[in-house]
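Here is the file entry02.txt (compact mmCIF, C-alpha atoms).
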# COMPACT_ATOMS: atom_id res chain seq x y z
CA MET B 1 -10.54 -64.88 65.86
CA PRO B 2 -7.56 -65.82 63.67
CA LEU B 3 -7.43 -64.77 60.03
CA THR B 4 -8.86 -67.23 57.55
CA VAL B 5 -8.50 -67.61 53.80
CA THR B 6 -11.61 -68.26 51.68
CA ARG B 7 -12.03 -68.66 47.94
CA CYS B 8 -14.76 -66.86 46.02
CA ALA B 9 -16.84 -69.37 44.05
CA SER B 10 -17.44 -67.06 41.08
CA THR B 11 -13.97 -65.56 40.59
CA SER B 12 -11.73 -68.12 42.38
CA ALA B 13 -10.00 -65.19 44.13
CA LEU B 14 -8.69 -65.73 47.67
CA THR B 15 -9.76 -63.37 50.48
CA ILE B 16 -8.12 -62.92 53.88
CA SER B 17 -10.67 -62.04 56.58
CA GLY B 18 -11.08 -62.07 60.35
CA THR B 19 -10.49 -59.99 63.47
CA VAL B 20 -7.12 -59.64 65.22
CA ALA B 21 -6.57 -57.50 68.34
CA GLY B 22 -9.90 -55.77 67.74
CA GLN B 23 -8.96 -54.86 64.15
CA ARG B 24 -11.30 -56.07 61.42
CA ILE B 25 -9.44 -57.36 58.34
CA ARG B 26 -10.88 -58.16 54.93
CA ARG B 27 -8.59 -57.97 51.92
CA ARG B 28 -7.75 -59.89 48.79
CA ALA B 29 -4.68 -62.06 48.99
CA SER B 30 -1.68 -61.20 46.85
CA SER B 31 -1.66 -64.70 45.34
CA ASP B 32 -4.33 -67.14 44.17
CA ASP B 33 -2.26 -70.02 45.52
CA LEU B 34 -3.90 -71.27 48.72
CA ARG B 35 -0.61 -72.10 50.47
CA LEU B 36 0.91 -68.68 49.75
CA ALA B 37 -2.29 -66.93 50.79
CA ARG B 38 -2.27 -68.72 54.16
CA GLU B 39 1.36 -67.69 54.73
CA GLU B 40 0.40 -64.10 53.92
CA ALA B 41 -2.49 -64.26 56.42
CA ALA B 42 -0.20 -65.63 59.14
CA ALA B 43 2.41 -62.92 58.49
CA LEU B 44 -0.28 -60.23 58.56
CA GLU B 45 -1.63 -61.56 61.87
CA VAL B 46 1.87 -61.51 63.41
CA GLU B 47 2.45 -57.94 62.23
CA ILE B 48 -0.86 -56.72 63.68
CA LEU B 49 -0.12 -58.35 67.06
CA ARG B 50 3.43 -56.95 67.11
CA THR B 51 2.11 -53.45 66.38
CA GLN B 52 -0.45 -53.87 69.15
CA TRP B 53 2.22 -54.81 71.71
CA ARG B 54 5.26 -52.76 70.67
CA GLY B 55 3.88 -49.99 68.53
CA GLU B 56 4.12 -49.37 64.81
CA ARG B 57 7.24 -50.67 63.11
CA ARG B 58 9.44 -48.01 61.52
CA GLY B 59 8.97 -47.99 57.77
CA ALA B 60 5.63 -49.78 57.87
CA ARG B 61 3.57 -46.87 56.62
CA THR B 62 3.12 -46.36 52.90
CA PHE B 63 4.66 -43.62 50.82
CA ALA B 64 1.14 -42.33 50.14
CA ASP B 65 0.62 -41.77 53.88
CA ALA B 66 3.86 -39.77 54.06
CA VAL B 67 2.85 -37.68 51.04
CA THR B 68 -0.51 -36.83 52.58
CA SER B 69 1.13 -35.71 55.82
CA TYR B 70 3.82 -33.75 53.94
CA LEU B 71 1.32 -31.79 51.86
CA GLU B 72 -0.89 -31.05 54.87
CA ALA B 73 1.98 -29.93 57.11
CA ALA B 74 2.70 -26.66 55.25
CA PRO B 75 1.76 -24.82 52.06
CA ARG B 76 3.60 -26.23 49.03
CA SER B 77 4.14 -24.60 45.65
CA GLU B 78 2.35 -25.90 42.57
CA SER B 79 5.62 -27.10 41.07
CA THR B 80 6.37 -29.10 44.24
CA LYS B 81 2.89 -30.63 44.20
CA ALA B 82 3.31 -31.62 40.55
CA ARG B 83 6.62 -33.39 41.27
CA VAL B 84 5.13 -35.18 44.28
CA ARG B 85 2.13 -36.36 42.25
CA ARG B 86 4.42 -37.92 39.66
CA LEU B 87 6.27 -39.84 42.36
CA LEU B 88 3.02 -40.89 44.04
CA LEU B 89 1.67 -42.50 40.86
CA VAL B 90 4.71 -44.80 40.68
CA ILE B 91 5.54 -45.72 44.30
CA GLY B 92 2.48 -44.66 46.28
CA THR B 93 1.65 -48.19 47.48
CA ILE B 94 5.09 -49.30 48.71
CA THR B 95 6.11 -48.87 52.33
CA LEU B 96 8.65 -46.32 53.50
CA GLY B 97 11.02 -49.10 54.57
CA GLU B 98 11.17 -50.39 50.98
CA ILE B 99 12.43 -47.12 49.50
CA ASP B 100 16.13 -47.29 48.70
CA GLN B 101 18.60 -46.36 45.98
CA GLY B 102 16.91 -48.82 43.64
CA THR B 103 13.71 -46.79 43.95
CA ILE B 104 15.56 -43.83 42.43
CA ALA B 105 16.42 -45.88 39.35
CA ARG B 106 12.83 -47.06 39.07
CA LEU B 107 11.48 -43.52 39.32
CA LYS B 108 14.05 -42.24 36.84
CA THR B 109 12.80 -44.71 34.24
CA ALA B 110 9.10 -44.09 34.92
CA VAL B 111 9.06 -40.31 35.46
CA LEU B 112 11.87 -38.75 33.42
CA ARG B 113 12.80 -38.83 29.77
CA PRO B 114 15.72 -41.00 28.64
CA GLY B 115 19.08 -39.31 29.03
CA ALA B 116 17.97 -36.91 31.77
CA SER B 117 20.87 -34.92 33.20
CA PRO B 118 22.04 -35.38 36.81
CA ALA B 119 20.58 -31.98 37.67
CA ILE B 120 17.14 -32.99 36.40
CA VAL B 121 17.29 -36.31 38.29
CA SER B 122 18.22 -34.49 41.48
CA ARG B 123 15.60 -31.75 41.10
CA GLY B 124 12.76 -33.91 39.81
CA ILE B 125 13.18 -37.06 41.94
CA ILE B 126 15.75 -36.97 44.74
CA VAL B 127 14.94 -33.54 46.20
CA PRO B 128 11.14 -34.05 46.60
CA LEU B 129 11.55 -37.70 47.66
CA ARG B 130 14.15 -36.79 50.28
CA ALA B 131 11.97 -33.94 51.59
CA ILE B 132 9.03 -36.31 52.08
CA LEU B 133 11.15 -38.98 53.79
CA ARG B 134 12.76 -36.42 56.10
CA HIS B 135 9.28 -35.23 57.02
CA ALA B 136 8.30 -38.84 57.80
CA HIS B 137 11.55 -39.38 59.76
CA ARG B 138 10.77 -36.42 62.04
CA ARG B 139 7.51 -38.16 62.89
CA GLY B 140 9.22 -41.45 63.67
CA TRP B 141 7.78 -43.28 60.66
CA CYS B 142 11.05 -44.26 59.00
CA ASP B 143 14.82 -43.88 59.10
CA ALA B 144 16.53 -40.79 57.72
CA PRO B 145 17.00 -41.05 53.92
CA THR B 146 20.49 -41.53 52.50
CA PHE B 147 20.65 -41.36 48.72
CA GLU B 148 23.56 -41.14 46.34
CA ILE B 149 23.15 -37.87 44.48
CA PRO B 150 24.33 -37.95 40.85
CA ARG B 151 27.04 -35.43 40.14
CA GLY B 152 27.50 -33.75 36.80
CA PRO B 153 30.05 -31.25 35.55
CA ASP B 154 29.69 -27.75 36.94
CA GLY B 155 27.63 -25.64 34.62
CA ARG B 156 28.91 -22.38 33.26
CA THR B 157 27.80 -19.38 35.29
CA ARG B 158 26.96 -16.56 32.92
CA CYS B 159 27.63 -12.95 33.85
CA LEU B 160 26.91 -9.77 31.93
CA LEU B 161 29.30 -6.89 31.41
CA PRO B 162 27.92 -3.45 32.34
CA CYS B 163 27.55 -2.45 28.69
CA GLU B 164 25.59 -5.64 27.91
CA ALA B 165 23.34 -5.17 30.95
CA GLU B 166 22.61 -1.60 29.87
CA ARG B 167 21.44 -2.80 26.46
CA ILE B 168 19.27 -5.54 27.96
CA ALA B 169 17.69 -3.20 30.54
CA VAL B 170 16.32 -1.05 27.73
CA GLY B 171 13.68 -3.65 26.96
CA ALA B 172 9.97 -3.33 26.28
CA PRO B 173 8.50 -0.42 28.29
CA HIS B 174 6.30 -2.65 30.46
CA VAL B 175 9.18 -4.94 31.46
CA ARG B 176 11.91 -2.29 31.79
CA PRO B 177 11.28 -1.50 35.51
CA LEU B 178 11.42 -5.21 36.34
CA LEU B 179 14.74 -5.73 34.52
CA VAL B 180 16.28 -2.69 36.20
CA PHE B 181 15.09 -3.94 39.59
CA LEU B 182 16.54 -7.43 39.05
CA LEU B 183 19.91 -6.01 38.01
CA SER B 184 19.93 -3.55 40.90
CA THR B 185 19.00 -5.93 43.75
CA GLY B 186 19.90 -9.48 42.72
CA ALA B 187 16.35 -10.56 43.55
CA ARG B 188 14.97 -13.84 42.31
CA MET B 189 12.19 -13.57 39.74
CA SER B 190 9.58 -14.89 42.19
CA GLU B 191 10.68 -12.36 44.84
CA ALA B 192 10.38 -9.47 42.40
CA ILE B 193 7.00 -10.30 40.85
CA GLU B 194 5.46 -10.91 44.29
CA LEU B 195 6.75 -7.60 45.68
CA ASP B 196 3.96 -5.32 46.89
CA TRP B 197 4.09 -1.56 47.28
CA ARG B 198 3.59 -2.00 51.02
CA ASP B 199 7.01 -3.66 51.16
CA LEU B 200 8.79 -0.94 49.18
CA ASP B 201 10.36 2.11 50.83
CA LEU B 202 11.53 4.56 48.17
CA ARG B 203 12.57 7.23 50.65
CA GLY B 204 14.73 4.76 52.56
CA GLY B 205 15.83 3.02 49.34
CA ARG B 206 14.98 -0.53 50.34
CA ALA B 207 12.67 -3.44 49.47
CA ILE B 208 11.53 -6.21 51.82
CA PHE B 209 11.08 -9.75 50.48
CA TRP B 210 8.84 -11.86 52.69
CA ARG B 211 8.61 -15.00 50.52
CA THR B 212 12.15 -16.16 49.79
CA LYS B 213 13.73 -19.49 48.86
CA THR B 214 15.27 -19.82 52.33
CA GLY B 215 11.98 -18.94 54.05
CA LYS B 216 13.58 -15.96 55.82
CA ARG B 217 12.76 -12.29 55.37
CA ARG B 218 15.37 -10.40 53.37
CA ILE B 219 15.94 -6.68 52.84
CA ALA B 220 17.51 -5.38 49.62
CA MET B 221 18.95 -1.88 49.37
CA LEU B 222 17.99 0.01 46.21
CA PRO B 223 20.63 1.96 44.26
CA PRO B 224 19.67 5.39 42.82
CA ARG B 225 18.76 3.97 39.44
CA ALA B 226 16.24 1.53 40.90
CA VAL B 227 14.71 4.23 43.13
CA ALA B 228 14.24 6.59 40.18
CA THR B 229 12.80 3.88 37.93
CA LEU B 230 10.26 2.79 40.55
CA ALA B 231 9.38 6.35 41.54
CA ALA B 232 8.46 7.08 37.92
CA LEU B 233 5.67 4.46 37.97
CA GLN B 234 2.17 5.88 38.01
CA TYR B 235 0.61 3.69 40.76
CA ARG B 236 1.26 3.02 44.44
CA GLU B 237 -0.94 0.04 45.36
CA GLY B 238 -0.87 -3.68 44.73
CA PRO B 239 1.95 -5.51 42.93
CA VAL B 240 4.88 -3.26 42.01
CA PHE B 241 5.49 -4.83 38.61
CA ARG B 242 2.49 -4.96 36.28
CA TRP B 243 1.22 -3.39 33.10
CA GLU B 244 -2.05 -2.13 31.67
CA THR B 245 -3.71 -2.94 28.35
CA THR B 246 -6.76 -1.48 26.67
CA ARG B 247 -8.35 -4.88 26.11
CA SER B 248 -9.58 -7.03 28.99
CA PRO B 249 -9.63 -10.86 28.90
CA ASN B 250 -13.37 -10.93 28.12
CA GLY B 251 -12.81 -9.16 24.80
CA THR B 252 -13.95 -5.66 25.74
CA LYS B 253 -11.77 -2.60 25.29
CA ALA B 254 -11.88 -1.65 28.96
CA PRO B 255 -8.50 -1.08 30.66
CA HIS B 256 -7.17 -4.19 32.36
CA ILE B 257 -4.27 -4.58 34.80
CA HIS B 258 -1.96 -7.57 34.26
CA THR B 259 0.48 -8.94 36.85
CA TYR B 260 3.44 -11.23 36.27
CA ALA B 261 2.33 -13.38 39.20
CA ASP B 262 -0.55 -14.64 37.02
CA ARG B 263 1.92 -16.34 34.69
CA ARG B 264 4.11 -19.45 34.89
CA ARG B 265 6.86 -19.19 37.52
CA GLU B 266 9.30 -21.77 36.14
CA GLU B 267 12.31 -20.67 34.07
CA GLY B 268 11.37 -17.01 33.85
CA GLY B 269 8.19 -17.81 31.93
CA GLN B 270 6.52 -14.63 33.18
CA ILE B 271 8.56 -12.44 30.79
CA LYS B 272 9.64 -15.01 28.20
CA THR B 273 8.62 -13.06 25.10
CA ALA B 274 9.89 -9.69 26.33
CA TRP B 275 13.14 -11.30 27.54
CA ARG B 276 13.87 -12.90 24.18
CA GLY B 277 13.20 -9.61 22.45
CA ALA B 278 15.57 -7.79 24.83
CA LEU B 279 18.34 -10.34 24.17
CA ARG B 280 17.84 -10.08 20.43
CA ARG B 281 17.99 -6.28 20.41
CA ALA B 282 20.99 -6.26 22.77
CA GLY B 283 22.91 -8.73 20.61
CA VAL B 284 24.03 -10.90 23.56
CA ASP B 285 24.04 -14.64 24.24
CA PRO B 286 20.50 -15.92 23.45
CA GLU B 287 20.95 -18.70 26.04
CA LEU B 288 20.86 -16.19 28.91
CA THR B 289 17.93 -16.48 31.33
CA PRO B 290 16.39 -13.89 33.66
CA HIS B 291 18.05 -15.71 36.58
CA ASP B 292 21.44 -14.77 35.09
CA LEU B 293 20.66 -11.20 36.16
CA ARG B 294 20.93 -12.43 39.76
CA HIS B 295 24.30 -14.01 38.94
CA THR B 296 25.36 -10.74 37.33
CA TRP B 297 24.41 -8.69 40.38
CA ALA B 298 26.28 -11.09 42.68
CA ASN B 299 29.41 -10.83 40.58
CA TRP B 300 29.20 -7.04 40.44
CA TYR B 301 28.74 -6.90 44.22
CA TYR B 302 31.91 -8.89 44.76
CA ALA B 303 33.85 -6.84 42.20
CA LEU B 304 32.94 -3.62 44.06
CA HIS B 305 33.14 -4.77 47.69
CA ARG B 306 35.28 -7.95 47.75
CA ASP B 307 33.22 -9.28 50.66
CA LEU B 308 31.91 -12.86 50.38
CA LEU B 309 30.31 -12.98 53.84
CA ALA B 310 28.32 -9.79 53.23
CA ARG B 311 27.08 -11.16 49.95
CA ARG B 312 26.02 -14.38 51.66
CA SER B 313 23.58 -12.31 53.73
CA LYS B 314 21.88 -11.22 50.50
CA GLY B 315 20.12 -14.54 50.06
CA TRP B 316 22.75 -17.20 49.27
CA LEU B 317 22.73 -20.31 51.45
CA SER B 318 26.48 -20.82 51.85
CA VAL B 319 29.86 -19.30 51.10
CA VAL B 320 30.45 -22.19 48.67
CA LEU B 321 27.61 -20.94 46.49
CA VAL B 322 28.79 -17.37 46.86
CA GLU B 323 32.32 -18.28 45.73
CA ARG B 324 30.83 -19.58 42.49
CA TYR B 325 30.25 -15.99 41.36
CA ALA B 326 33.57 -14.52 42.44
CA HIS B 327 36.12 -13.30 39.89
CA LEU B 328 33.79 -13.66 36.88
CA LEU B 329 33.85 -9.98 35.92
CA PRO B 330 37.02 -9.12 33.97
CA ALA B 331 39.22 -6.50 35.60
CA GLY B 332 38.68 -2.91 34.55
CA HIS B 333 34.86 -2.83 34.64
CA GLU B 334 34.42 -1.71 38.25
CA GLU B 335 33.93 1.95 37.41
CA ALA B 336 31.44 1.16 34.65
CA THR B 337 29.51 -0.95 37.15
CA ARG B 338 29.37 1.92 39.65
CA VAL B 339 28.14 4.30 36.95
CA LEU B 340 25.46 1.86 35.78
CA ARG B 341 24.13 1.31 39.31
CA ALA B 342 24.00 5.03 40.03
CA ARG B 343 22.66 6.21 36.69
CA LEU B 344 18.96 6.97 36.49
CA ALA B 345 16.63 5.47 33.94
CA PRO B 346 16.79 6.39 30.23
CA HIS B 347 15.76 10.04 29.68
CA TRP B 348 17.26 10.55 33.15
CA HIS B 349 16.52 14.28 33.32
CA ARG B 350 12.77 13.66 33.08
CA SER B 351 12.85 10.63 35.40
CA ARG B 352 14.82 12.53 38.02
CA ALA B 353 12.32 15.39 38.07
CA ARG B 354 9.42 12.94 38.22
CA ALA B 355 11.10 11.02 41.07
CA ARG B 356 11.63 14.21 43.09
CA LYS B 357 7.99 15.20 42.78
CA LEU B 358 6.68 11.77 43.71
CA LEU B 359 9.01 11.38 46.69
CA MET B 360 8.06 14.84 47.97
CA GLY B 361 4.33 14.09 47.59
CA LEU B 362 3.81 16.62 44.81
CA PRO B 363 1.40 16.00 41.91
Rewrite the coordinates I just gave you, this time as structure tokens.
Amino acid sequence: MPLTVTRCASTSALTISGTVAGQRIRRRASSDDLRLAREEAAALEVEILRTQWRGERRGARTFADAVTSYLEAAPRSESTKARVRRLLLVIGTITLGEIDQGTIARLKTAVLRPGASPAIVSRGIIVPLRAILRHAHRRGWCDAPTFEIPRGPDGRTRCLLPCEAERIAVGAPHVRPLLVFLLSTGARMSEAIELDWRDLDLRGGRAIFWRTKTGKRRIAMLPPRAVATLAALQYREGPVFRWETTRSPNGTKAPHIHTYADRRREEGGQIKTAWRGALRRAGVDPELTPHDLRHTWANWYYALHRDLLARRSKGWLSVVLVERYAHLLPAGHEEATRVLRARLAPHWHRSRARARKLLMGLP
């Protein structure tokens, strides 16, 4: 039965209905002009018959279909889901074959604020859109995406001197072990706050990160200072980095354990207040972020070992990224860096004794 076009008497809207190749169709026409509606019905009938004979045309599925498959294929972070939802609200109904460079401009206007930097355009639009289209391409739904990525000037990579890092590491007592750990291992904030005691070996001086940006397990060796700082903590179960207060969320004065993983993950939001206080007391650049501690560690590693390939194995994706951190530390600070990495926590004589007892299993 070919598709027919009928007009509703009450609303004057045109409806396309009928059965083609066993598929029941009933949908409103895109136009209220009878001639255009009939052309739309004929084109729809041809497309259904072509799909029946030759299979689905590449790019015929909607962006919403690709998003659904992408989110169901693997666990996605909340930040990724939020970016995908913003894209879905704007282009969810268009087909994959219609997405091109012009779609980027449309999304930029609808999703981002005016004057957004190239980095924000790339991170907020191109990266999630390209990931979804690549997922669809692997399933044969569309061609591989090829977008022009906006390029901006290289941002300044900040790096701390050993004396500045020492002042920052002496932060609030509850955040001090975390800052020392970040400076000692070059871990990302998410890797550190999700670290569990089961993945920490103080005797062997190493930490295992299971959830990393690259998706691969990574092992970080702990210098003496990090071992002593962690050994001085009073607990051995659950998340490594946490703190205890005397007031629980329900208003009672019962002890309550807080973990950084309960807080926002973006832009170091888990320790925002403590971090700002540490910068203020240290008298360093207030624009520094917790992620700059990773940059600092990478630069120190190169200054001490001069080995780019070895540093690549510590979690950087390519030598190009690794080279970004080379030669940032002024000459003459190598010895101070060695001393800082080897020194135990503040009040080192008490921390060292405590660390010995804990590592030997003594009370």
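Using only C-alpha atoms, the shortest contact distance between Arg203 of chain B and any of B:His291, B:Val227, B:Leu161, B:Leu183 is found at B:Val227.
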Revision key, fill the gap. Between atom CA of Arg151 of chain B and atom CA of Ala110 of chain B lies a distance of 20.6 Å
**Study point:** Near-segment 129-146 of chain B list (7 Å; all atoms listed in the file; drop same-chain fewer than 3 positions) as a list in words
**Key:** Arg58, Gly59, Arg61, Ala66, Val67, Tyr70, Leu96, Gly97, Ile125 and Ile126 of chain B
Check your understanding: For Thr19 of chain B, which of B:Glu287, B:Leu36, B:Ile48, B:Arg158 is the closest residue, counting all atoms listed in the file?
Key -> B:Ile48
Review point. Which is closer to Arg167 of chain B than all the others in B:Val127, B:Val284, B:Leu112, B:Ala232, using all atoms listed in the file?
Key: B:Val284
As lines of an AutoDock Vina configuration file, please: the centre and edge lengths in Å, to one decimal, of an axis-aligned box enclosing every listed atom of segment 224-238 of chain B with 5 Å added on each side.
center_x = 9.4
center_y = 1.7
center_z = 41.6
size_x = 30.6
size_y = 20.8
size_z = 17.4
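The interatomic distance for the pair atom CA of Thr296 of chain B and atom CA of Met221 of chain B works out to 16.3 Å.
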Final N, CA and C atoms of segment 279-304 of chain B as a compact mmCIF listing (two decimals), keeping the file's coordinate frame:
# COMPACT_ATOMS: atom_id res chain seq x y z
N LEU B 279 17.07 -9.71 24.54
CA LEU B 279 18.34 -10.34 24.17
C LEU B 279 18.65 -10.13 22.69
N ARG B 280 17.63 -10.25 21.87
CA ARG B 280 17.84 -10.08 20.43
C ARG B 280 18.28 -8.66 20.10
N ARG B 281 17.62 -7.68 20.70
CA ARG B 281 17.99 -6.28 20.41
C ARG B 281 19.36 -5.93 21.00
N ALA B 282 19.71 -6.56 22.14
CA ALA B 282 20.99 -6.26 22.77
C ALA B 282 22.15 -6.96 22.08
N GLY B 283 21.86 -8.01 21.31
CA GLY B 283 22.91 -8.73 20.61
C GLY B 283 23.81 -9.52 21.54
N VAL B 284 23.25 -10.12 22.60
CA VAL B 284 24.03 -10.90 23.56
C VAL B 284 23.65 -12.37 23.44
N ASP B 285 24.25 -13.20 24.27
CA ASP B 285 24.04 -14.64 24.24
C ASP B 285 22.56 -14.97 24.37
N PRO B 286 21.94 -15.61 23.36
CA PRO B 286 20.50 -15.92 23.45
C PRO B 286 20.17 -16.99 24.48
N GLU B 287 21.19 -17.67 25.03
CA GLU B 287 20.95 -18.70 26.04
C GLU B 287 20.81 -18.12 27.44
N LEU B 288 21.00 -16.82 27.60
CA LEU B 288 20.86 -16.19 28.91
C LEU B 288 19.42 -16.32 29.40
N THR B 289 19.26 -16.43 30.71
CA THR B 289 17.93 -16.48 31.33
C THR B 289 17.79 -15.31 32.30
N PRO B 290 16.56 -14.97 32.68
CA PRO B 290 16.39 -13.89 33.66
C PRO B 290 17.14 -14.15 34.97
N HIS B 291 17.33 -15.41 35.34
CA HIS B 291 18.05 -15.71 36.58
C HIS B 291 19.52 -15.31 36.48
N ASP B 292 20.05 -15.21 35.26
CA ASP B 292 21.44 -14.77 35.09
C ASP B 292 21.62 -13.32 35.53
N LEU B 293 20.55 -12.56 35.62
CA LEU B 293 20.66 -11.20 36.16
C LEU B 293 21.02 -11.25 37.64
N ARG B 294 20.54 -12.26 38.34
CA ARG B 294 20.93 -12.43 39.76
C ARG B 294 22.41 -12.79 39.85
N HIS B 295 22.88 -13.68 38.97
CA HIS B 295 24.30 -14.01 38.94
C HIS B 295 25.13 -12.76 38.65
N THR B 296 24.63 -11.96 37.71
CA THR B 296 25.36 -10.74 37.33
C THR B 296 25.47 -9.80 38.52
N TRP B 297 24.37 -9.58 39.22
CA TRP B 297 24.41 -8.69 40.38
C TRP B 297 25.40 -9.20 41.43
N ALA B 298 25.38 -10.52 41.68
CA ALA B 298 26.28 -11.09 42.68
C ALA B 298 27.74 -10.87 42.31
N ASN B 299 28.03 -11.03 41.03
CA ASN B 299 29.41 -10.83 40.58
C ASN B 299 29.81 -9.37 40.68
N TRP B 300 28.91 -8.47 40.32
CA TRP B 300 29.20 -7.04 40.44
C TRP B 300 29.43 -6.67 41.90
N TYR B 301 28.61 -7.22 42.79
CA TYR B 301 28.74 -6.90 44.22
C TYR B 301 30.13 -7.29 44.72
N TYR B 302 30.59 -8.47 44.32
CA TYR B 302 31.91 -8.89 44.76
C TYR B 302 33.00 -8.02 44.15
N ALA B 303 32.84 -7.66 42.87
CA ALA B 303 33.85 -6.84 42.20
C ALA B 303 34.00 -5.48 42.88
N LEU B 304 32.90 -4.94 43.43
CA LEU B 304 32.94 -3.62 44.06
C LEU B 304 33.34 -3.68 45.52
